[in-house]
>>> print(open('coords.tsv').read())   # TSV, C-alpha atoms
chain	number	residue	atom	x	y	z
A	6	MET	CA	57.27	120.25	44.17
A	7	THR	CA	57.87	117.30	41.83
A	8	ARG	CA	58.89	113.84	43.01
A	9	LEU	CA	62.39	114.51	41.65
A	10	ASP	CA	62.68	117.71	43.68
A	11	MET	CA	61.55	115.83	46.78
A	12	ARG	CA	64.18	113.15	46.21
A	13	LYS	CA	66.83	115.84	45.80
A	14	SER	CA	65.79	117.61	49.01
A	15	LEU	CA	65.85	114.37	51.02
A	16	LYS	CA	69.13	113.03	49.63
A	17	PRO	CA	71.55	115.11	51.73
A	18	VAL	CA	69.72	114.19	54.94
A	19	THR	CA	69.79	110.50	54.07
A	20	GLN	CA	73.43	110.62	53.05
A	21	THR	CA	74.44	112.43	56.22
A	22	ALA	CA	72.54	110.03	58.46
A	23	LEU	CA	73.94	106.95	56.74
A	24	GLY	CA	77.42	108.47	56.67
A	25	ILE	CA	77.42	109.14	60.41
A	26	ALA	CA	75.98	105.69	61.06
A	27	ALA	CA	78.75	104.08	59.00
A	28	VAL	CA	81.45	106.11	60.79
A	29	LEU	CA	80.05	105.16	64.20
A	30	LEU	CA	79.93	101.50	63.22
A	31	PHE	CA	83.49	101.35	61.99
A	32	ILE	CA	85.20	103.43	64.71
A	33	PRO	CA	85.75	100.48	67.06
A	34	LEU	CA	87.19	98.30	64.32
A	35	SER	CA	89.73	100.86	63.16
A	36	GLY	CA	90.62	101.83	66.73
A	37	ARG	CA	91.21	98.23	67.76
A	38	ALA	CA	93.34	97.45	64.75
A	39	GLN	CA	95.63	100.37	65.60
A	40	THR	CA	96.02	99.69	69.30
A	41	THR	CA	96.58	95.94	69.12
A	42	SER	CA	100.24	95.24	69.57
A	43	GLY	CA	102.01	91.96	68.90
A	44	GLY	CA	104.74	92.36	71.50
A	45	ASP	CA	102.70	91.50	74.59
A	46	ARG	CA	104.09	88.90	76.95
A	47	TRP	CA	101.77	86.42	78.64
A	48	LEU	CA	102.09	84.45	81.83
A	49	HIS	CA	100.40	81.07	81.51
A	50	VAL	CA	99.40	78.63	84.21
A	51	ARG	CA	98.09	75.18	83.35
A	52	VAL	CA	97.01	72.58	85.87
A	53	VAL	CA	95.86	69.24	84.51
A	54	SER	CA	94.58	66.43	86.65
A	55	THR	CA	94.94	62.96	85.25
A	56	ASP	CA	91.89	61.56	87.02
A	57	ALA	CA	88.92	60.31	85.07
A	58	LYS	CA	87.08	63.64	85.37
A	59	GLY	CA	89.95	65.30	83.57
A	60	GLU	CA	89.94	68.44	85.67
A	61	SER	CA	91.97	71.24	84.15
A	62	VAL	CA	92.63	74.89	84.87
A	63	CYS	CA	94.18	77.28	82.40
A	64	VAL	CA	95.01	80.89	83.18
A	65	ASN	CA	96.50	83.38	80.74
A	66	VAL	CA	97.55	86.76	82.12
A	67	PRO	CA	99.10	89.49	80.02
A	68	LEU	CA	102.17	90.68	81.95
A	69	GLU	CA	101.54	94.28	80.97
A	70	LEU	CA	98.06	94.06	82.49
A	71	ALA	CA	99.57	92.81	85.74
A	72	GLU	CA	102.19	95.57	85.60
A	73	LYS	CA	99.48	98.21	85.30
A	74	VAL	CA	97.00	96.68	87.74
A	75	LEU	CA	99.36	95.90	90.62
A	76	PRO	CA	100.24	99.56	91.39
A	77	ALA	CA	96.51	100.30	91.56
A	78	ILE	CA	96.07	97.84	94.44
A	79	ASN	CA	96.67	99.32	97.85
A	80	LYS	CA	95.61	96.79	100.40
A	81	ASP	CA	97.29	95.08	103.33
A	82	GLN	CA	100.93	94.39	102.48
A	83	LEU	CA	100.64	95.40	98.84
A	84	HIS	CA	101.15	99.07	98.00
A	85	GLY	CA	102.26	100.67	94.76
A	86	GLY	CA	103.23	97.33	93.26
A	87	LYS	CA	105.48	96.47	96.21
A	88	VAL	CA	104.75	93.89	98.83
A	89	THR	CA	106.11	94.35	102.34
A	90	ILE	CA	107.35	91.28	104.13
A	91	ASP	CA	107.55	92.57	107.68
A	92	LYS	CA	107.19	89.27	109.46
A	93	PHE	CA	109.70	87.33	107.43
A	94	ASP	CA	112.10	85.52	109.73
A	95	GLY	CA	115.31	84.86	107.84
A	96	ASN	CA	117.11	83.55	110.93
A	97	ASP	CA	119.68	86.33	110.53
A	98	VAL	CA	120.51	85.18	107.01
A	99	ASP	CA	121.14	88.06	104.64
A	100	PHE	CA	119.34	86.76	101.56
A	101	ARG	CA	120.42	89.73	99.50
A	102	ALA	CA	124.07	88.88	100.14
A	103	VAL	CA	123.43	85.20	99.39
A	104	LEU	CA	121.72	86.00	96.11
A	105	ASP	CA	124.43	88.46	95.20
A	106	ALA	CA	127.00	85.74	95.80
A	107	VAL	CA	124.99	83.35	93.62
A	108	ARG	CA	124.62	85.91	90.85
A	109	THR	CA	128.32	86.73	90.67
A	110	SER	CA	129.46	83.13	90.86
A	111	LYS	CA	129.97	80.81	87.90
A	112	ASP	CA	127.35	78.33	86.76
A	113	GLY	CA	127.27	75.26	88.92
A	114	GLU	CA	125.44	73.22	91.49
A	115	PHE	CA	125.22	74.82	94.91
A	116	VAL	CA	123.10	72.43	96.89
A	117	THR	CA	122.59	68.71	96.38
A	118	VAL	CA	120.59	66.73	98.89
A	119	ASN	CA	119.95	63.04	98.45
A	120	GLY	CA	117.45	62.21	101.15
A	121	LYS	CA	117.17	58.77	102.69
A	122	ASP	CA	113.49	58.68	101.89
A	123	GLY	CA	114.12	59.20	98.18
A	124	GLU	CA	113.74	62.95	98.25
A	125	ASP	CA	116.40	64.61	96.11
A	126	VAL	CA	116.92	68.35	96.00
A	127	ARG	CA	119.24	70.18	93.67
A	128	VAL	CA	119.84	73.93	93.57
A	129	ALA	CA	121.98	75.26	90.74
A	130	LYS	CA	122.78	78.26	88.65
A	131	GLN	CA	122.49	77.68	84.92
A	132	GLY	CA	122.80	80.34	82.27
A	133	GLY	CA	121.35	83.20	84.29
A	134	PHE	CA	118.71	81.04	85.94
A	135	LEU	CA	118.41	79.85	89.49
A	136	VAL	CA	117.21	76.28	89.12
A	137	VAL	CA	115.63	74.27	91.90
A	138	HIS	CA	114.90	70.63	91.14
A	139	VAL	CA	113.11	68.37	93.56
A	140	THR	CA	112.42	64.70	92.90
A	141	ASP	CA	110.35	62.81	95.39
A	142	ASN	CA	110.21	59.06	94.94
A	143	SER	CA	109.81	58.40	98.61
A	144	GLY	CA	107.76	55.28	98.00
A	145	HIS	CA	104.31	56.65	98.73
A	146	LEU	CA	101.84	54.57	96.87
A	147	ALA	CA	99.50	56.15	94.41
A	148	HIS	CA	96.21	54.36	93.97
A	149	HIS	CA	94.68	54.65	90.56
A	150	HIS	CA	90.94	54.78	90.86
A	151	HIS	CA	89.07	54.66	87.63
A	152	LEU	CA	86.03	56.86	87.81
A	153	ASN	CA	83.07	56.56	85.57
A	154	LYS	CA	81.51	59.59	83.90
A	155	ASP	CA	79.51	60.42	87.02
A	156	GLY	CA	82.67	60.61	89.07
A	157	ASN	CA	81.92	57.35	90.91
A	158	LYS	CA	84.18	54.36	91.08
A	159	ASP	CA	83.52	51.61	88.58
A	160	GLY	CA	81.69	48.65	89.98
A	161	ASP	CA	84.59	46.26	89.49
A	162	GLU	CA	86.94	48.55	91.31
A	163	LYS	CA	84.59	48.90	94.26
A	164	LYS	CA	84.89	45.14	94.69
A	165	SER	CA	88.66	45.19	94.47
A	166	ASP	CA	88.78	48.03	97.04
A	167	ASP	CA	86.84	45.89	99.44
A	168	SER	CA	89.00	42.84	98.95
A	169	ALA	CA	92.70	43.53	98.62
A	170	ALA	CA	92.80	47.23	99.47
A	171	SER	CA	93.52	47.90	95.84
A	172	LYS	CA	97.08	46.68	96.16
A	173	ALA	CA	97.09	45.53	92.58
A	174	SER	CA	96.61	49.06	91.27
A	175	ALA	CA	99.11	50.68	93.64
A	176	THR	CA	102.31	52.02	92.10
A	177	PRO	CA	105.15	54.02	93.61
A	178	SER	CA	104.47	57.75	93.35
A	179	VAL	CA	107.21	59.88	91.84
A	180	SER	CA	106.92	63.63	91.67
A	181	HIS	CA	109.18	66.06	89.91
A	182	VAL	CA	109.26	69.74	90.66
A	183	GLU	CA	111.41	72.11	88.67
A	184	VAL	CA	111.52	75.83	89.29
A	185	ARG	CA	113.58	78.08	87.03
A	186	ILE	CA	113.80	81.71	88.07
A	187	PRO	CA	115.74	84.19	85.95
A	188	LEU	CA	118.27	85.91	88.22
A	189	SER	CA	117.36	89.23	86.60
A	190	VAL	CA	113.85	88.74	87.97
A	191	VAL	CA	115.21	87.98	91.43
A	192	ASP	CA	117.33	91.13	91.27
A	193	ALA	CA	114.34	93.20	90.19
A	194	LEU	CA	112.17	91.75	92.96
A	195	LEU	CA	114.76	92.67	95.56
A	196	SER	CA	115.38	96.14	94.15
A	197	ALA	CA	112.74	97.75	96.35
A	198	GLY	CA	114.81	97.71	99.51
A	199	LYS	CA	114.77	95.93	102.82
A	200	ASP	CA	111.71	93.78	103.62
A	201	GLN	CA	110.07	94.63	100.31
A	202	LEU	CA	109.55	92.87	97.02
A	203	ASP	CA	109.04	95.01	93.94
A	204	LEU	CA	106.52	92.91	92.03
A	205	VAL	CA	106.17	95.38	89.17
A	206	ALA	CA	109.94	95.47	88.62
A	207	GLY	CA	109.92	91.66	88.75
A	208	LEU	CA	107.21	91.49	86.10
A	209	LYS	CA	109.08	93.95	83.89
A	210	ALA	CA	112.20	91.83	84.17
A	211	LEU	CA	110.13	88.77	83.35
A	212	SER	CA	108.70	90.51	80.28
A	213	ALA	CA	112.21	91.19	79.07
A	214	GLN	CA	113.03	87.47	79.20
A	215	GLY	CA	112.49	85.25	76.20
A	216	ASP	CA	110.04	82.37	76.24
A	217	THR	CA	110.66	80.77	79.62
A	218	GLU	CA	109.28	77.86	81.60
A	219	LEU	CA	109.20	78.91	85.23
A	220	VAL	CA	107.59	76.04	87.09
A	221	SER	CA	106.95	72.45	86.16
A	222	VAL	CA	105.39	69.96	88.55
A	223	LYS	CA	104.56	66.42	87.56
A	224	ASP	CA	103.29	63.65	89.74
A	225	GLU	CA	100.95	60.72	89.44
A	226	GLU	CA	97.81	62.83	89.73
A	227	ASN	CA	98.56	66.32	88.46
A	228	SER	CA	100.78	68.27	86.21
A	229	VAL	CA	101.36	71.99	86.71
A	230	ARG	CA	103.13	74.26	84.32
A	231	VAL	CA	103.84	77.98	84.61
A	232	TRP	CA	105.53	79.70	81.70
A	233	VAL	CA	105.92	82.97	79.83
A	234	ASP	CA	105.68	83.50	76.09
A	235	SER	CA	104.25	85.91	73.57
A	236	LYS	CA	101.14	83.86	72.73
A	237	ASN	CA	97.76	84.71	74.17
A	238	THR	CA	96.69	81.07	74.21
A	239	ASN	CA	97.50	78.27	76.59
A	240	GLY	CA	98.17	75.73	73.90
A	241	THR	CA	95.14	73.66	74.84
A	242	GLU	CA	92.38	73.15	72.32
A	243	GLY	CA	89.64	74.69	74.43
A	244	ALA	CA	91.63	77.75	75.29
A	245	THR	CA	92.78	78.45	71.79
A	246	ARG	CA	91.01	81.24	70.07
B	23	MET	CA	52.87	114.97	52.05
B	24	ILE	CA	56.45	116.16	51.71
B	25	MET	CA	56.46	117.31	55.33
B	26	LEU	CA	55.26	113.86	56.37
B	27	ALA	CA	58.02	112.24	54.35
B	28	LYS	CA	60.61	114.52	55.97
B	29	ILE	CA	59.33	113.68	59.42
B	30	GLY	CA	59.39	109.99	58.52
B	31	LEU	CA	62.92	110.23	57.24
B	32	GLY	CA	63.98	112.18	60.29
B	33	ALA	CA	62.55	109.46	62.50
B	34	LEU	CA	64.25	106.80	60.39
B	35	GLY	CA	67.54	108.70	60.63
B	36	ALA	CA	67.19	108.90	64.39
B	37	VAL	CA	66.53	105.16	64.58
B	38	VAL	CA	69.53	104.44	62.36
B	39	MET	CA	71.71	106.76	64.45
B	40	THR	CA	70.53	105.26	67.71
B	41	GLY	CA	71.03	101.75	66.35
B	42	ALA	CA	74.50	102.57	65.10
B	43	TYR	CA	75.45	104.19	68.43
B	44	THR	CA	74.08	101.23	70.35
B	45	PHE	CA	76.03	98.79	68.21
B	46	ARG	CA	79.17	100.86	68.63
B	47	GLU	CA	78.89	100.91	72.39
B	48	GLY	CA	77.83	97.28	72.55
B	49	VAL	CA	75.26	95.44	74.58
B	50	ILE	CA	75.38	94.04	78.10
B	51	ARG	CA	73.95	90.53	77.95
B	52	VAL	CA	72.98	88.27	80.79
B	53	ASP	CA	71.58	84.84	79.91
B	54	VAL	CA	70.65	82.35	82.59
B	55	ASP	CA	69.08	79.00	81.72
B	56	GLU	CA	68.22	76.44	84.34
B	57	TYR	CA	67.84	72.94	82.93
B	58	ARG	CA	65.15	71.62	85.26
B	59	PRO	CA	61.39	71.50	85.13
B	60	ASN	CA	60.03	75.04	85.62
B	61	GLY	CA	63.61	76.31	85.63
B	62	ASP	CA	64.26	79.99	85.15
B	63	HIS	CA	65.28	81.39	81.81
B	64	VAL	CA	66.50	84.97	82.05
B	65	HIS	CA	67.70	86.79	78.96
B	66	LEU	CA	68.61	90.39	79.58
B	67	TRP	CA	69.95	92.67	76.87
B	68	VAL	CA	70.82	96.23	77.89
B	69	PRO	CA	72.47	98.71	75.51
B	70	ALA	CA	75.79	99.64	77.11
B	71	ALA	CA	75.24	103.21	75.88
B	72	ALA	CA	72.41	103.52	78.38
B	73	VAL	CA	74.58	102.68	81.39
B	74	PRO	CA	76.41	106.02	81.78
B	75	ILE	CA	73.05	107.81	81.39
B	76	VAL	CA	71.50	105.61	84.05
B	77	MET	CA	74.55	106.23	86.27
B	78	HIS	CA	73.74	109.94	86.20
B	79	LEU	CA	70.22	109.15	87.36
B	80	VAL	CA	71.37	107.08	90.34
B	81	PRO	CA	70.87	109.10	93.54
B	82	GLU	CA	74.22	110.47	94.72
B	83	GLN	CA	73.67	108.95	98.13
B	84	GLU	CA	73.53	105.47	96.59
B	85	LEU	CA	76.56	106.22	94.44
B	86	HIS	CA	78.52	107.32	97.50
B	87	LYS	CA	77.52	104.13	99.29
B	88	ALA	CA	78.77	102.09	96.32
B	89	MET	CA	81.90	104.19	96.35
B	90	ARG	CA	82.52	103.50	100.03
B	91	ASP	CA	82.14	99.76	99.51
B	92	ALA	CA	84.19	99.49	96.37
B	93	ARG	CA	86.48	102.49	96.47
B	94	GLU	CA	89.76	100.60	96.62
B	95	TRP	CA	88.87	98.27	93.76
B	96	MET	CA	87.56	100.86	91.30
B	97	PRO	CA	90.99	101.94	90.01
B	98	VAL	CA	91.94	98.28	89.68
B	99	ALA	CA	88.82	97.45	87.66
B	100	ARG	CA	89.26	100.55	85.51
B	101	VAL	CA	92.91	99.84	84.71
B	102	ALA	CA	92.17	96.16	84.08
B	103	ALA	CA	89.27	96.98	81.74
B	104	HIS	CA	91.37	99.51	79.86
B	105	GLU	CA	94.29	97.12	79.44
B	106	LEU	CA	92.09	94.19	78.45
B	107	GLY	CA	90.43	96.34	75.81
B	108	ARG	CA	93.83	97.00	74.30
B	109	LEU	CA	94.59	93.30	73.86
B	110	PRO	CA	93.46	90.91	71.14
B	111	ASP	CA	90.62	88.49	71.86
B	112	SER	CA	91.92	86.09	74.48
B	113	THR	CA	90.96	83.36	76.89
B	114	LEU	CA	91.90	84.51	80.38
B	115	VAL	CA	90.66	81.66	82.54
B	116	GLU	CA	89.31	78.27	81.59
B	117	VAL	CA	88.32	75.62	84.11
B	118	GLN	CA	87.00	72.23	83.12
B	119	ASP	CA	85.84	69.93	85.88
B	120	GLY	CA	83.92	67.00	84.49
B	121	ALA	CA	80.78	68.42	82.94
B	122	GLU	CA	81.33	71.84	84.53
B	123	HIS	CA	83.00	74.44	82.40
B	124	VAL	CA	83.96	78.02	83.24
B	125	LEU	CA	85.38	80.34	80.64
B	126	ILE	CA	86.39	83.97	81.10
B	127	SER	CA	87.52	85.61	77.90
B	128	THR	CA	87.60	88.84	75.96
B	129	HIS	CA	85.88	89.11	72.62
B	130	ASN	CA	85.31	92.17	70.44
B	131	GLY	CA	86.09	94.61	73.25
B	132	ALA	CA	83.86	92.87	75.77
B	133	ILE	CA	84.50	90.53	78.65
B	134	LYS	CA	82.62	87.24	78.45
B	135	ILE	CA	81.90	84.94	81.35
B	136	ASP	CA	80.43	81.55	80.45
B	137	VAL	CA	79.54	79.00	83.08
B	138	THR	CA	77.96	75.76	81.97
B	139	ASP	CA	77.12	72.64	83.88
B	140	PRO	CA	74.41	70.03	83.50
B	141	GLN	CA	72.05	71.99	85.76
B	142	GLU	CA	72.38	75.48	84.32
B	143	ALA	CA	74.16	77.78	81.94
B	144	VAL	CA	75.10	81.38	82.66
B	145	HIS	CA	76.50	83.70	80.02
B	146	VAL	CA	77.44	87.30	80.74
B	147	VAL	CA	78.87	89.74	78.22
B	148	CYS	CA	79.85	93.28	79.20
B	149	PRO	CA	81.73	95.79	77.03
B	150	LEU	CA	85.04	96.75	78.64
B	151	GLU	CA	84.44	100.40	77.84
B	152	THR	CA	81.27	100.27	79.91
B	153	ILE	CA	83.22	98.88	82.87
B	154	GLU	CA	85.72	101.70	82.43
B	155	ASP	CA	82.96	104.31	82.31
B	156	VAL	CA	81.09	102.93	85.31
B	157	THR	CA	84.19	102.55	87.48
B	158	GLU	CA	85.25	106.06	86.55
B	159	GLU	CA	81.81	107.38	87.39
B	160	ILE	CA	81.85	105.69	90.80
B	161	ALA	CA	85.44	106.74	91.49
B	162	ASN	CA	84.60	110.37	90.67
B	163	ALA	CA	81.56	110.41	92.94
B	164	ARG	CA	83.17	112.15	95.89
B	165	PRO	CA	81.25	112.38	99.12
B	166	GLY	CA	79.58	115.76	99.42
B	167	ALA	CA	80.17	116.61	95.77
>>> encode(input="coords.tsv", output="structure tokens")
Amino acid sequence: MTRLDMRKSLKPVTQTALGIAAVLLFIPLSGRAQTTSGGDRWLHVRVVSTDAKGESVCVNVPLELAEKVLPAINKDQLHGGKVTIDKFDGNDVDFRAVLDAVRTSKDGEFVTVNGKDGEDVRVAKQGGFLVVHVTDNSGHLAHHHHLNKDGNKDGDEKKSDDSAASKASATPSVSHVEVRIPLSVVDALLSAGKDQLDLVAGLKALSAQGDTELVSVKDEENSVRVWVDSKNTNGTEGATR
Amino acid sequence: MIMLAKIGLGALGAVVMTGAYTFREGVIRVDVDEYRPNGDHVHLWVPAAAVPIVMHLVPEQELHKAMRDAREWMPVARVAAHELGRLPDSTLVEVQDGAEHVLISTHNGAIKIDVTDPQEAVHVVCPLETIEDVTEEIANARPGA
């Protein structure tokens, strides 16, 4: 057999092997490109501490993942995506009836509390949202401690702590809490029946909402934000991919 | 001579095929580096394709024990792995606390866990399909089967 004949006899084997190898290599790429969808909704949680260490927590959860995972959990009070609240004491208040009354009423403020200690609470219905706003400027003093990179107080501040109990750096603490819950989500949560919350239905209703900020907490030390949108990033540099 | 060449090519083909299959299935990586004198440095690379094969070799008794301990969480892990694999590369959890940093993310069909602090760094990468396969294997291991 000549060298040419040998090459000819080996060629199909080589081609087949390389062909199969190429197919195997590219299967995951083509598969992923087909299954990736752009319509996923994400629940984001961001907690940022304003202290010198700059502690931050970012969580991004695809709502569809939560919708699929929750029914698979069957433990304690959680079964089939529904949580049973058997020990909830509502003091004979029919919350379903209350929420139904809220839902069918016009937009407006339902509860306004101006506390003596500077604690203001406002509960309102605004454009299909149940809004709870709490402002606490009750005069608690927040002490700003400047920490060095090791997490210890700076030397100068140690001295001031010893002397005047850091009164110079004390400022009144004001905290704002705003919770906005779509009423459709509340309805869905309560759709399971008495003493049960249908979490999966709630998540589905949340998915159907547009971009929504659900919780916002801001005080002297921390800021917390919970929101839903269609991005898979938290908006922070480190979390962006 | 020709026979030798054929055998050589066959071996080469097998290596190429195995390599391609391994790359397709991905690799489980565990890297641990301790930044202290005489600190441990562990770098473990296991082809994910080998995991289901190894699972078949695990004694059924041990598999049933694992099943008993983790039965209720296997469907959760399987569904989560499947759904995560469907999504684009994403950061799921990121915690920054001073010099400590924890990142859980998905990248190229694998889940990545990165923990770094001044004392040590831990990086774990596991293909989501492998998690699906393993959880399915454990879930299907019925006692007495």
>>> residues_around(input="coords.tsv", residues="segment 103-119 of chain B", least_positions_apart="2", cutoff="7 Å", atoms="all atoms listed in the file", output="PyMOL selection string")
(chain A and resi 40-41+58-66+70+237-238+244+246) or (chain B and resi 99-101+121-131+150+153-154)
>>> atom_distance(input="coords.tsv", atom1="atom CA of Gly113 of chain A", atom2="atom CA of Val128 of chain A")
8.9 Å
>>> residues_near_point(input="coords.tsv", point="(107.1, 93.8, 91.2)", cutoff="6 Å", atoms="all atoms listed in the file", output="JSON, numbers by chain")
{"A": [86, 87, 194, 203, 204, 205, 206, 207, 208]}
>>> residues_around(input="coords.tsv", residues="Lys80 of chain A", least_positions_apart="5", cutoff="12 Å", atoms="all atoms listed in the file", output="count of residues only")
10
>>> closest_residue(input="coords.tsv", among="B:Leu26, B:Ala33, B:Ala132, B:Ala102", to="chain A", atoms="only C-alpha atoms")
B:Ala102
>>> build_atoms(input="coords.tsv", residues="segment 86-94 of chain B", atoms="all heavy atoms", output="mmCIF file, in the coordinates of the input")
data_model
loop_
_atom_site.group_PDB
_atom_site.id
_atom_site.type_symbol
_atom_site.label_atom_id
_atom_site.label_comp_id
_atom_site.auth_asym_id
_atom_site.auth_seq_id
_atom_site.Cartn_x
_atom_site.Cartn_y
_atom_site.Cartn_z
ATOM 1 N N HIS B 86 77.496 107.175 96.457
ATOM 2 C CA HIS B 86 78.520 107.320 97.500
ATOM 3 C C HIS B 86 78.643 106.043 98.322
ATOM 4 O O HIS B 86 79.730 105.669 98.729
ATOM 5 C CB HIS B 86 78.184 108.506 98.412
ATOM 6 C CG HIS B 86 78.295 109.816 97.703
ATOM 7 N ND1 HIS B 86 77.566 110.913 98.063
ATOM 8 C CD2 HIS B 86 79.033 110.190 96.632
ATOM 9 C CE1 HIS B 86 77.852 111.913 97.251
ATOM 10 N NE2 HIS B 86 78.738 111.504 96.374
ATOM 11 N N LYS B 87 77.497 105.386 98.530
ATOM 12 C CA LYS B 87 77.520 104.130 99.290
ATOM 13 C C LYS B 87 78.323 103.078 98.492
ATOM 14 O O LYS B 87 79.170 102.385 99.051
ATOM 15 C CB LYS B 87 76.084 103.641 99.516
ATOM 16 C CG LYS B 87 75.982 102.467 100.453
ATOM 17 C CD LYS B 87 74.526 102.106 100.707
ATOM 18 C CE LYS B 87 74.403 100.872 101.549
ATOM 19 N NZ LYS B 87 74.927 99.682 100.895
ATOM 20 N N ALA B 88 78.024 103.035 97.184
ATOM 21 C CA ALA B 88 78.770 102.090 96.320
ATOM 22 C C ALA B 88 80.242 102.425 96.334
ATOM 23 O O ALA B 88 81.105 101.548 96.352
ATOM 24 C CB ALA B 88 78.220 102.154 94.902
ATOM 25 N N MET B 89 80.515 103.713 96.341
ATOM 26 C CA MET B 89 81.900 104.190 96.350
ATOM 27 C C MET B 89 82.627 103.748 97.607
ATOM 28 O O MET B 89 83.770 103.285 97.564
ATOM 29 C CB MET B 89 81.886 105.714 96.227
ATOM 30 C CG MET B 89 83.242 106.362 96.286
ATOM 31 S SD MET B 89 84.256 105.847 94.920
ATOM 32 C CE MET B 89 85.828 106.504 95.440
ATOM 33 N N ARG B 90 81.922 103.884 98.745
ATOM 34 C CA ARG B 90 82.520 103.500 100.030
ATOM 35 C C ARG B 90 82.872 102.005 100.023
ATOM 36 O O ARG B 90 83.934 101.609 100.463
ATOM 37 C CB ARG B 90 81.543 103.791 101.184
ATOM 38 C CG ARG B 90 81.711 105.170 101.797
ATOM 39 C CD ARG B 90 81.059 105.215 103.165
ATOM 40 N NE ARG B 90 79.670 104.772 103.168
ATOM 41 C CZ ARG B 90 78.633 105.516 102.842
ATOM 42 N NH1 ARG B 90 78.827 106.760 102.477
ATOM 43 N NH2 ARG B 90 77.404 105.043 102.880
ATOM 44 N N ASP B 91 81.942 101.208 99.499
ATOM 45 C CA ASP B 91 82.140 99.760 99.510
ATOM 46 C C ASP B 91 83.219 99.296 98.538
ATOM 47 O O ASP B 91 83.905 98.310 98.780
ATOM 48 C CB ASP B 91 80.813 99.043 99.169
ATOM 49 C CG ASP B 91 79.758 99.323 100.228
ATOM 50 O OD1 ASP B 91 80.156 99.716 101.338
ATOM 51 O OD2 ASP B 91 78.560 99.147 99.939
ATOM 52 N N ALA B 92 83.318 99.997 97.431
ATOM 53 C CA ALA B 92 84.190 99.490 96.370
ATOM 54 C C ALA B 92 85.319 100.433 95.992
ATOM 55 O O ALA B 92 86.006 100.198 95.001
ATOM 56 C CB ALA B 92 83.342 99.195 95.128
ATOM 57 N N ARG B 93 85.521 101.445 96.820
ATOM 58 C CA ARG B 93 86.480 102.490 96.470
ATOM 59 C C ARG B 93 87.848 101.932 96.049
ATOM 60 O O ARG B 93 88.384 102.284 95.008
ATOM 61 C CB ARG B 93 86.670 103.429 97.668
ATOM 62 C CG ARG B 93 87.623 104.596 97.415
ATOM 63 C CD ARG B 93 88.075 105.185 98.737
ATOM 64 N NE ARG B 93 86.950 105.629 99.529
ATOM 65 C CZ ARG B 93 86.507 106.882 99.582
ATOM 66 N NH1 ARG B 93 87.119 107.797 98.873
ATOM 67 N NH2 ARG B 93 85.503 107.210 100.339
ATOM 68 N N GLU B 94 88.383 101.028 96.877
ATOM 69 C CA GLU B 94 89.760 100.600 96.620
ATOM 70 C C GLU B 94 89.889 99.735 95.358
ATOM 71 O O GLU B 94 90.984 99.594 94.819
ATOM 72 C CB GLU B 94 90.318 99.868 97.828
ATOM 73 C CG GLU B 94 89.536 98.652 98.225
ATOM 74 C CD GLU B 94 89.930 98.196 99.624
ATOM 75 O OE1 GLU B 94 91.000 98.564 100.107
ATOM 76 O OE2 GLU B 94 89.131 97.450 100.233
#
